[in-house]
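Listing of my_file34.txt; format and content: compact mmCIF, C-alpha atoms and all ligand atoms.
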```txt
# COMPACT_ATOMS: atom_id res chain seq x y z
CA MET F 117 -33.51 0.00 -30.63
CA ARG F 118 -36.22 -0.17 -33.33
CA ARG F 119 -36.59 3.06 -35.26
CA THR F 120 -39.90 4.31 -36.61
CA LYS F 121 -40.53 5.07 -40.29
CA ASP F 122 -40.15 8.81 -39.54
CA GLU F 123 -36.83 8.22 -37.83
CA ILE F 124 -35.61 6.05 -40.70
CA ALA F 125 -36.58 8.79 -43.14
CA LYS F 126 -34.29 11.20 -41.29
CA MET F 127 -31.50 8.66 -41.19
CA ARG F 128 -31.95 8.13 -44.94
CA ARG F 129 -31.41 11.88 -45.43
CA ALA F 130 -28.32 11.83 -43.19
CA GLY F 131 -27.09 8.81 -45.13
CA LYS F 132 -27.42 10.66 -48.43
CA VAL F 133 -25.26 13.48 -47.07
CA VAL F 134 -22.63 10.91 -46.12
CA ALA F 135 -22.87 9.36 -49.60
CA GLU F 136 -22.33 12.78 -51.14
CA ILE F 137 -19.26 13.29 -48.94
CA HIS F 138 -17.96 9.98 -50.23
CA GLU F 139 -18.53 10.93 -53.87
CA LYS F 140 -17.02 14.40 -53.57
CA THR F 141 -13.98 13.32 -51.52
CA ARG F 142 -13.32 10.39 -53.87
CA ALA F 143 -13.25 12.83 -56.76
CA VAL F 144 -10.34 14.84 -55.28
CA ILE F 145 -8.18 11.94 -54.09
CA ALA F 146 -4.96 12.13 -56.11
CA PRO F 147 -1.21 12.43 -55.61
CA GLY F 148 -0.29 15.84 -54.14
CA VAL F 149 -3.55 16.41 -52.23
CA THR F 150 -3.36 16.79 -48.44
CA THR F 151 -5.73 15.05 -46.07
CA LEU F 152 -6.75 18.49 -44.74
CA GLN F 153 -7.92 19.44 -48.26
CA ILE F 154 -10.12 16.32 -48.30
CA ASP F 155 -11.61 17.34 -44.95
CA LYS F 156 -12.47 20.75 -46.44
CA VAL F 157 -14.43 19.05 -49.25
CA ALA F 158 -16.42 17.14 -46.63
CA ARG F 159 -17.05 20.29 -44.57
CA ASP F 160 -18.44 22.04 -47.64
CA VAL F 161 -20.93 19.20 -48.28
CA ILE F 162 -22.11 19.21 -44.66
CA GLU F 163 -22.62 22.97 -44.75
CA ALA F 164 -24.34 22.94 -48.16
CA ARG F 165 -26.84 20.28 -46.99
CA GLY F 166 -27.63 22.00 -43.68
CA ALA F 167 -26.28 18.99 -41.80
CA ARG F 168 -24.11 18.81 -38.70
CA SER F 169 -20.93 16.82 -38.19
CA ASN F 170 -20.94 13.91 -35.77
CA PHE F 171 -17.14 13.59 -35.99
CA LEU F 172 -16.17 17.21 -35.23
CA GLY F 173 -15.77 17.59 -31.47
CA TYR F 174 -16.35 13.87 -30.77
CA ASN F 175 -14.12 13.45 -27.67
CA GLY F 176 -12.38 16.52 -29.05
CA PHE F 177 -11.80 15.19 -32.59
CA PRO F 178 -10.79 18.22 -34.71
CA ALA F 179 -12.20 17.35 -38.16
CA VAL F 180 -15.38 16.17 -39.94
CA ILE F 181 -13.79 13.04 -41.43
CA CYS F 182 -11.08 10.59 -40.46
CA THR F 183 -8.29 10.15 -43.01
CA SER F 184 -6.17 7.04 -42.51
CA PRO F 185 -3.45 6.33 -45.10
CA ASN F 186 -1.69 2.99 -45.74
CA GLY F 187 -0.92 1.22 -42.45
CA MET F 188 -3.29 3.45 -40.52
CA ILE F 189 -6.49 1.54 -39.77
CA VAL F 190 -8.88 4.21 -38.47
CA HIS F 191 -9.23 7.60 -36.72
CA GLY F 192 -6.49 9.47 -38.62
CA ILE F 193 -6.65 13.25 -38.20
CA PRO F 194 -6.70 15.28 -41.45
CA GLY F 195 -3.59 17.44 -41.69
CA SER F 196 -0.43 18.01 -43.67
CA TYR F 197 -0.04 14.45 -44.99
CA VAL F 198 0.35 14.61 -48.78
CA LEU F 199 -1.10 11.70 -50.74
CA LYS F 200 1.35 10.01 -53.07
CA GLU F 201 1.09 7.60 -55.99
CA GLY F 202 0.60 4.06 -54.69
CA ASP F 203 -0.98 5.02 -51.35
CA ILE F 204 -4.29 3.74 -50.11
CA ILE F 205 -6.39 6.14 -48.05
CA SER F 206 -9.36 5.34 -45.81
CA ILE F 207 -12.01 8.04 -45.47
CA ASP F 208 -14.56 7.69 -42.66
CA ALA F 209 -17.38 10.25 -42.75
CA GLY F 210 -20.58 11.02 -40.91
CA ALA F 211 -23.42 13.53 -40.80
CA ILE F 212 -26.40 14.41 -38.63
CA ILE F 213 -29.82 15.51 -39.98
CA GLU F 214 -32.45 16.58 -37.45
CA GLY F 215 -30.61 14.67 -34.73
CA TYR F 216 -30.24 11.42 -36.71
CA HIS F 217 -26.86 10.03 -37.71
CA GLY F 218 -25.26 8.44 -40.73
CA ASP F 219 -21.77 6.88 -40.76
CA ALA F 220 -19.83 5.25 -43.61
CA ALA F 221 -16.27 4.67 -44.77
CA TYR F 222 -14.34 3.61 -47.84
CA THR F 223 -10.74 3.02 -48.81
CA ALA F 224 -9.48 4.39 -52.12
CA ALA F 225 -6.41 3.89 -54.26
CA VAL F 226 -4.19 6.89 -54.95
CA GLY F 227 -3.17 6.41 -58.56
CA GLU F 228 -1.74 2.97 -59.33
CA ILE F 229 -1.47 0.62 -56.34
CA SER F 230 0.12 -2.79 -55.88
CA ASP F 231 -1.81 -5.96 -56.72
CA GLN F 232 -1.74 -6.91 -53.02
CA ALA F 233 -3.22 -3.55 -51.99
CA ALA F 234 -5.88 -3.80 -54.69
CA LEU F 235 -6.82 -7.28 -53.48
CA LEU F 236 -7.07 -6.03 -49.88
CA LEU F 237 -9.47 -3.26 -50.94
CA LYS F 238 -11.56 -5.63 -53.05
CA VAL F 239 -11.86 -8.33 -50.39
CA THR F 240 -12.64 -5.85 -47.60
CA GLU F 241 -15.41 -4.18 -49.61
CA GLU F 242 -16.80 -7.58 -50.64
CA SER F 243 -16.84 -8.66 -46.98
CA LEU F 244 -18.99 -5.63 -46.12
CA TRP F 245 -21.54 -6.57 -48.77
CA LYS F 246 -21.55 -10.22 -47.64
CA ALA F 247 -22.30 -8.91 -44.14
CA ILE F 248 -25.05 -6.58 -45.37
CA ASP F 249 -26.76 -9.51 -47.04
CA VAL F 250 -27.41 -11.25 -43.69
CA ILE F 251 -29.02 -8.14 -42.13
CA ARG F 252 -32.57 -9.49 -42.14
CA ASP F 253 -35.46 -9.70 -39.70
CA GLY F 254 -35.04 -12.78 -37.52
CA ASN F 255 -31.38 -13.44 -38.35
CA ARG F 256 -28.93 -13.37 -35.46
CA LEU F 257 -26.76 -10.28 -35.02
CA ASN F 258 -23.46 -12.13 -34.99
CA GLU F 259 -24.12 -13.63 -38.43
CA ILE F 260 -22.77 -10.26 -39.56
CA GLY F 261 -19.30 -10.90 -38.16
CA ARG F 262 -19.39 -14.48 -39.31
CA ALA F 263 -20.07 -13.34 -42.88
CA VAL F 264 -17.07 -10.98 -42.79
CA GLU F 265 -14.80 -13.62 -41.32
CA THR F 266 -15.91 -16.35 -43.71
CA HIS F 267 -15.16 -14.14 -46.68
CA VAL F 268 -11.81 -12.78 -45.47
CA LYS F 269 -10.25 -15.86 -43.87
CA PRO F 270 -9.24 -17.73 -47.06
CA TYR F 271 -7.03 -14.78 -48.03
CA GLY F 272 -5.12 -14.93 -44.74
CA PHE F 273 -5.67 -11.23 -43.98
CA GLY F 274 -5.87 -9.96 -40.39
CA ILE F 275 -9.33 -9.06 -39.09
CA VAL F 276 -9.10 -6.18 -36.60
CA ARG F 277 -10.72 -7.15 -33.29
CA GLU F 278 -10.27 -4.05 -31.10
CA TYR F 279 -12.61 -1.89 -33.20
CA VAL F 280 -16.08 -2.96 -34.24
CA GLY F 281 -19.34 -1.87 -35.84
CA HIS F 282 -22.22 -0.48 -33.82
CA GLY F 283 -25.84 0.47 -33.56
CA ILE F 284 -26.58 4.02 -34.74
CA GLY F 285 -29.51 6.43 -34.45
CA THR F 286 -29.71 9.53 -32.27
CA ALA F 287 -26.05 8.91 -31.36
CA MET F 288 -23.31 7.79 -33.69
CA HIS F 289 -22.32 4.90 -31.46
CA GLU F 290 -25.19 2.98 -29.87
CA SER F 291 -25.44 -0.61 -28.70
CA PRO F 292 -24.99 -3.30 -29.85
CA GLN F 293 -21.35 -3.74 -30.77
CA ILE F 294 -20.95 -5.68 -34.02
CA THR F 295 -17.76 -7.69 -34.33
CA ASN F 296 -16.16 -8.53 -37.67
CA TYR F 297 -15.68 -12.14 -36.59
CA TRP F 298 -17.80 -14.85 -34.99
CA PRO F 299 -17.65 -13.98 -31.27
CA GLY F 300 -18.65 -17.45 -30.08
CA GLU F 301 -22.39 -16.99 -29.70
CA PRO F 302 -25.18 -15.95 -32.08
CA GLY F 303 -26.39 -12.83 -30.25
CA PRO F 304 -29.92 -11.36 -30.38
CA LYS F 305 -32.31 -11.61 -33.31
CA MET F 306 -32.30 -8.65 -35.68
CA LYS F 307 -35.64 -6.86 -35.92
CA VAL F 308 -37.23 -4.58 -38.50
CA GLY F 309 -36.21 -1.00 -37.65
CA ASN F 310 -32.82 -1.87 -36.15
CA VAL F 311 -30.07 0.26 -37.68
CA PHE F 312 -26.45 -0.84 -37.75
CA ALA F 313 -23.14 0.59 -38.88
CA VAL F 314 -21.14 -2.37 -40.15
CA GLU F 315 -17.46 -1.71 -40.73
CA PRO F 316 -14.90 -4.40 -41.48
CA MET F 317 -11.29 -3.23 -40.86
CA ILE F 318 -8.93 -5.67 -42.53
CA ASN F 319 -5.12 -5.75 -42.45
CA LEU F 320 -2.86 -7.21 -45.11
CA GLY F 321 -0.78 -8.68 -42.26
CA ALA F 322 -1.51 -9.40 -38.62
CA PRO F 323 -4.66 -8.11 -36.87
CA GLU F 324 -2.93 -6.34 -33.96
CA THR F 325 -3.26 -2.56 -33.59
CA VAL F 326 -1.33 0.28 -31.93
CA THR F 327 -2.59 3.80 -31.11
CA LEU F 328 -0.13 6.59 -31.90
CA GLU F 329 0.88 9.40 -29.53
CA ASP F 330 -1.74 11.78 -30.92
CA GLY F 331 -4.23 9.60 -29.03
CA TRP F 332 -6.30 9.00 -32.18
CA SER F 333 -4.45 7.37 -35.06
CA VAL F 334 -4.75 3.58 -34.92
CA VAL F 335 -2.17 1.73 -37.01
CA THR F 336 -1.29 -1.86 -37.75
CA LYS F 337 1.31 -3.15 -35.29
CA ASP F 338 3.29 -4.83 -38.09
CA GLY F 339 3.13 -1.82 -40.41
CA SER F 340 1.07 -3.66 -43.04
CA LEU F 341 -1.64 -1.92 -45.09
CA SER F 342 -5.19 -1.73 -43.77
CA ALA F 343 -8.57 -1.19 -45.45
CA HIS F 344 -11.92 -0.07 -44.02
CA PHE F 345 -15.37 -0.10 -45.59
CA GLU F 346 -18.57 0.85 -43.75
CA HIS F 347 -22.24 1.50 -44.39
CA THR F 348 -25.25 2.37 -42.24
CA ILE F 349 -27.99 -0.22 -42.83
CA VAL F 350 -31.56 -0.59 -41.59
CA VAL F 351 -33.30 -3.94 -41.22
CA GLY F 352 -36.21 -3.45 -43.63
CA GLU F 353 -39.42 -5.45 -44.11
CA ASP F 354 -37.92 -7.01 -47.22
CA GLY F 355 -34.28 -7.20 -46.21
CA PRO F 356 -31.41 -4.78 -45.74
CA GLU F 357 -31.63 -1.17 -46.88
CA VAL F 358 -28.31 0.63 -47.11
CA LEU F 359 -28.88 4.23 -46.00
CA THR F 360 -25.48 5.66 -46.86
CA VAL F 361 -25.90 5.52 -50.64
CA SER F 362 -27.16 8.13 -53.08
CA ASP F 363 -30.28 7.70 -55.22
MG MG W 401 -18.71 3.63 -37.49
```

Take the structure in the file and give it back as structure tokens.
Ligand code: MG
Amino acid sequence: MRRTKDEIAKMRRAGKVVAEIHEKTRAVIAPGVTTLQIDKVARDVIEARGARSNFLGYNGFPAVICTSPNGMIVHGIPGSYVLKEGDIISIDAGAIIEGYHGDAAYTAAVGEISDQAALLLKVTEESLWKAIDVIRDGNRLNEIGRAVETHVKPYGFGIVREYVGHGIGTAMHESPQITNYWPGEPGPKMKVGNVFAVEPMINLGAPETVTLEDGWSVVTKDGSLSAHFEHTIVVGEDGPEVLTVSD
């Protein structure tokens, strides 16, 4: 799907709401804070900006963000979990403005974290930016996954395969799917106006995942830490434009 300039303008506004959620949730992440308190911060931003939540009610999801600590990869439900020194916590957030969606995630350190955890966060975020750099008119879609894989592989971390990035626009999840590895063929050419949510999910250990009994929380099978970084990006005339950033 190629979005018009008007549509991109709305997605830019949705993206700025998501960026504000990131900033304001980051600011409260500390030992002693519950994941439900972080969700409340995100709700307040959505309300203040006149946006709607694309997470709340999605297949019955009960919150406006996903909060996934430590060995949880994605889709954690905000609740009574209390952050503690040395945790890592992934926050995935979205917003809708005039029917257009933004979606982005980050993983933060809670106080001091281990060198291994810090490296995982650094490499995962770097892999997202390496992927963003190949989002250009005429490049092949699956160069995105190749860029993630090329960056992560030397560290020996596990690249999650069951969950992937996606197109985004008037729905949060649109085609195409965007793997975080080279899927064996180059895929279609990217075109100006395409909008993608790119989201490497990287495990300190093995790539395998397990879904918990709540039907949402996805964790690493081996219990190792996992990091997740995501942005919504449009293929611009002059290269990638990241929509989920503030001015
Ligand atoms: Mg996403």

How would you write, as a PDB file with C-alpha atoms, in the coordinates of the input, the set of residues no farther than 6 Å from ligand MG 401 (chain W) when counting all atoms listed in the file?
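New file selection_28.pdb:
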```pdb
ATOM      1  CA  ASP F 219     -21.770   6.880 -40.760  1.00  0.00           C
ATOM      2  CA  GLY F 281     -19.340  -1.870 -35.840  1.00  0.00           C
ATOM      3  CA  ALA F 313     -23.140   0.590 -38.880  1.00  0.00           C
TER       4      ALA F 313
END
```

Select from stretch 265-309 of chain F every residue with an atom at most 9 Å from any atom of stretch 229-250 of chain F, then for each give the shortest pair of atoms and their distance in Å to one decimal, using only C-alpha atoms, rows by chain and rising number, as CSV.
```
residue,atom,partner,partner_atom,distance
F:Glu265,CA,F:Ser243,CA,7.8
F:Thr266,CA,F:Ser243,CA,8.4
F:His267,CA,F:Ser243,CA,5.7
F:Val268,CA,F:Val239,CA,6.6
F:Tyr271,CA,F:Val239,CA,8.4
F:Phe273,CA,F:Leu236,CA,8.0
F:Asn296,CA,F:Ala247,CA,8.9
```

task = Just give me the gap between atom CA of F:Gly148 and atom CA of F:Leu341 in Å, one decimal is fine.
result =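 So the answer is 20.0 Å.
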
key: For F:His289, the nearest of the candidates F:Gly173, F:Gly218, F:Gly254, F:Gly309, counting all atoms listed in the file   =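 With all atoms listed in the file as the atom set, the closest residue is F:Gly218.
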
task = Compare F:Val334, F:Ala211, F:Ala135, F:Val358 by their minimum atom-to-atom distance to F:Glu163, counting all atoms listed in the file, and give me the closest one.
result =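 Once distances to F:Glu163 are computed over all atoms listed in the file, the minimum belongs to F:Ala211.
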
key: Atom pair atom CA of F:Val134 / atom CA of F:Trp298: separation (Å)   =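 Computing it gives 28.5 Å between the two atoms.
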
remark   = Taken to one decimal, the atom CA of F:Ala146-atom CA of F:Ser196 distance is 14.5 Å

inquiry  = I'd like the neighbourhood of F:Leu199 as a PyMOL selection string, where a residue qualifies if any of its atoms comes within 8 Å (using all atoms listed in the file), though same-chain residues fewer than 3 positions away should be ignored.
reply    = chain F and resi 145-151+203+226

For the interface of stretch 238-313 of chain F with stretch 178-194 of chain F (cut-off 12 Å, counting all atoms listed in the file), please tabulate each contacting residue of stretch 238-313 of chain F alongside its nearest pair of atoms and their separation in Å to one decimal, rows sorted by chain and increasing number, as a tab-separated table.
```
residue	atom	partner	partner_atom	distance
F:Gly274	CA	F:Ile189	CA	11.5
F:Ile275	CA	F:Ile189	CA	11.0
F:Val276	CA	F:Ile189	CA	8.7
F:Arg277	CA	F:Ile189	CA	11.6
F:Glu278	CA	F:Ile189	CA	11.0
F:Tyr279	CA	F:Val190	CA	8.9
F:Val280	CA	F:Val190	CA	11.0
```

Output for the residues just chosen: C-alpha atoms as an mmCIF file, keeping the file's coordinate frame:
```cif
data_model
loop_
_atom_site.group_PDB
_atom_site.id
_atom_site.type_symbol
_atom_site.label_atom_id
_atom_site.label_comp_id
_atom_site.auth_asym_id
_atom_site.auth_seq_id
_atom_site.Cartn_x
_atom_site.Cartn_y
_atom_site.Cartn_z
ATOM 1 C CA GLY F 274 -5.870 -9.960 -40.390
ATOM 2 C CA ILE F 275 -9.330 -9.060 -39.090
ATOM 3 C CA VAL F 276 -9.100 -6.180 -36.600
ATOM 4 C CA ARG F 277 -10.720 -7.150 -33.290
ATOM 5 C CA GLU F 278 -10.270 -4.050 -31.100
ATOM 6 C CA TYR F 279 -12.610 -1.890 -33.200
ATOM 7 C CA VAL F 280 -16.080 -2.960 -34.240
#
```

task = Kindly provide, as a PyMOL selection string, the polymer residues lying within 12 Å of (6.5, -3.7, -43.7), counting only C-alpha atoms and using the coordinates exactly as they appear in the file.
result = chain F and resi 186-187+319-322+336-342

Okay, now the selection with C-alpha atoms, as a PDB file, keeping the file's coordinate frame?
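Result saved to selection_36.pdb:
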```pdb
ATOM      1  CA  ASN F 186      -1.690   2.990 -45.740  1.00  0.00           C
ATOM      2  CA  GLY F 187      -0.920   1.220 -42.450  1.00  0.00           C
ATOM      3  CA  ASN F 319      -5.120  -5.750 -42.450  1.00  0.00           C
ATOM      4  CA  LEU F 320      -2.860  -7.210 -45.110  1.00  0.00           C
ATOM      5  CA  GLY F 321      -0.780  -8.680 -42.260  1.00  0.00           C
ATOM      6  CA  ALA F 322      -1.510  -9.400 -38.620  1.00  0.00           C
ATOM      7  CA  THR F 336      -1.290  -1.860 -37.750  1.00  0.00           C
ATOM      8  CA  LYS F 337       1.310  -3.150 -35.290  1.00  0.00           C
ATOM      9  CA  ASP F 338       3.290  -4.830 -38.090  1.00  0.00           C
ATOM     10  CA  GLY F 339       3.130  -1.820 -40.410  1.00  0.00           C
ATOM     11  CA  SER F 340       1.070  -3.660 -43.040  1.00  0.00           C
ATOM     12  CA  LEU F 341      -1.640  -1.920 -45.090  1.00  0.00           C
ATOM     13  CA  SER F 342      -5.190  -1.730 -43.770  1.00  0.00           C
TER      14      SER F 342
END
```

key: Residue with smallest distance to F:Asn310 - pool F:Gly355, F:Val361, F:Val350, F:Ile207, counting all atoms listed in the file   =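 Under the stated criterion, the closest residue is F:Val350.
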
ask   = For F:Glu290, which of F:Ile251, F:Ala130, F:His217, F:Glu201 is the closest residue, counting only C-alpha atoms?
value =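 Nearest candidate to F:Glu290 out of F:Ile251, F:Ala130, F:His217, F:Glu201: F:His217.
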
Please enclose the listed atoms of stretch 331-346 of chain F in an axis-aligned box, pad each side by 4 Å, and write out the centre and the three edge lengths in Å, rounded to one decimal, as JSON.
```
{"center_x": -7.6, "center_y": 2.4, "center_z": -37.3, "size_x": 29.9, "size_y": 22.4, "size_z": 24.6}
```

inquiry  = My list of candidates is F:Val198, F:Asn170, F:Val335, F:Val311. Which is closest to F:Gly285 when distances are computed with all atoms listed in the file?
reply    =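 Answer, going by the shortest atom-to-atom distance: F:Val311.
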
inquiry  = Just checking: using all atoms listed in the file, which residue out of F:Asp208, F:Asp253, F:Thr286, F:Asp354 ends up closest to F:Met317?
reply    =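 Closest to F:Met317, using all atoms listed in the file: F:Asp208.
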
Taking all heavy atoms as the atom set, what does stretch 299-310 of chain F look like once completed, written as a tab-separated table (two decimals), in the coordinates of the input?
```tsv
chain	number	residue	atom	x	y	z
F	299	PRO	N	-18.13	-14.17	-32.65
F	299	PRO	CA	-17.65	-13.98	-31.27
F	299	PRO	C	-17.95	-15.17	-30.36
F	299	PRO	O	-17.74	-15.08	-29.15
F	299	PRO	CB	-18.42	-12.73	-30.83
F	299	PRO	CG	-19.70	-12.80	-31.59
F	299	PRO	CD	-19.40	-13.49	-32.90
F	300	GLY	N	-18.47	-16.26	-30.90
F	300	GLY	CA	-18.65	-17.45	-30.08
F	300	GLY	C	-20.09	-17.73	-29.71
F	300	GLY	O	-20.40	-18.79	-29.18
F	301	GLU	N	-20.96	-16.76	-29.96
F	301	GLU	CA	-22.39	-16.99	-29.70
F	301	GLU	C	-23.20	-16.15	-30.68
F	301	GLU	O	-22.70	-15.15	-31.19
F	301	GLU	CB	-22.75	-16.70	-28.24
F	301	GLU	CG	-22.12	-15.42	-27.68
F	301	GLU	CD	-23.11	-14.27	-27.67
F	301	GLU	OE1	-24.32	-14.51	-27.75
F	301	GLU	OE2	-22.64	-13.12	-27.60
F	302	PRO	N	-24.45	-16.58	-30.97
F	302	PRO	CA	-25.18	-15.95	-32.08
F	302	PRO	C	-25.70	-14.54	-31.81
F	302	PRO	O	-25.93	-13.78	-32.74
F	302	PRO	CB	-26.34	-16.91	-32.33
F	302	PRO	CG	-26.47	-17.71	-31.09
F	302	PRO	CD	-25.13	-17.77	-30.44
F	303	GLY	N	-25.87	-14.17	-30.54
F	303	GLY	CA	-26.39	-12.83	-30.25
F	303	GLY	C	-27.89	-12.74	-30.48
F	303	GLY	O	-28.55	-13.73	-30.81
F	304	PRO	N	-28.46	-11.54	-30.27
F	304	PRO	CA	-29.92	-11.36	-30.38
F	304	PRO	C	-30.41	-11.45	-31.83
F	304	PRO	O	-29.62	-11.32	-32.76
F	304	PRO	CB	-30.13	-9.95	-29.84
F	304	PRO	CG	-28.84	-9.25	-30.04
F	304	PRO	CD	-27.76	-10.30	-29.92
F	305	LYS	N	-31.72	-11.65	-31.97
F	305	LYS	CA	-32.31	-11.61	-33.31
F	305	LYS	C	-32.39	-10.17	-33.81
F	305	LYS	O	-32.75	-9.27	-33.05
F	305	LYS	CB	-33.72	-12.20	-33.29
F	305	LYS	CG	-33.75	-13.70	-33.30
F	305	LYS	CD	-35.18	-14.22	-33.39
F	305	LYS	CE	-35.17	-15.74	-33.44
F	305	LYS	NZ	-36.53	-16.30	-33.27
F	306	MET	N	-32.10	-9.96	-35.07
F	306	MET	CA	-32.30	-8.65	-35.68
F	306	MET	C	-33.79	-8.45	-35.93
F	306	MET	O	-34.50	-9.41	-36.25
F	306	MET	CB	-31.53	-8.56	-37.00
F	306	MET	CG	-30.02	-8.61	-36.80
F	306	MET	SD	-29.13	-8.38	-38.36
F	306	MET	CE	-28.53	-10.04	-38.63
F	307	LYS	N	-34.21	-7.19	-35.76
F	307	LYS	CA	-35.64	-6.86	-35.92
F	307	LYS	C	-35.80	-5.71	-36.90
F	307	LYS	O	-34.94	-4.82	-36.97
F	307	LYS	CB	-36.22	-6.43	-34.57
F	307	LYS	CG	-36.19	-7.51	-33.50
F	307	LYS	CD	-37.57	-8.08	-33.32
F	307	LYS	CE	-37.68	-8.96	-32.08
F	307	LYS	NZ	-37.11	-10.30	-32.26
F	308	VAL	N	-36.92	-5.69	-37.59
F	308	VAL	CA	-37.23	-4.58	-38.50
F	308	VAL	C	-37.12	-3.26	-37.72
F	308	VAL	O	-37.66	-3.14	-36.62
F	308	VAL	CB	-38.65	-4.74	-39.10
F	308	VAL	CG1	-39.06	-3.48	-39.87
F	308	VAL	CG2	-38.69	-5.95	-40.02
F	309	GLY	N	-36.38	-2.29	-38.30
F	309	GLY	CA	-36.21	-1.00	-37.65
F	309	GLY	C	-34.89	-0.86	-36.90
F	309	GLY	O	-34.52	0.25	-36.52
F	310	ASN	N	-34.19	-1.97	-36.69
F	310	ASN	CA	-32.82	-1.87	-36.15
F	310	ASN	C	-31.94	-1.21	-37.20
F	310	ASN	O	-32.09	-1.49	-38.40
F	310	ASN	CB	-32.23	-3.27	-35.86
F	310	ASN	CG	-32.83	-3.96	-34.66
F	310	ASN	OD1	-32.76	-5.18	-34.56
F	310	ASN	ND2	-33.44	-3.23	-33.75
```
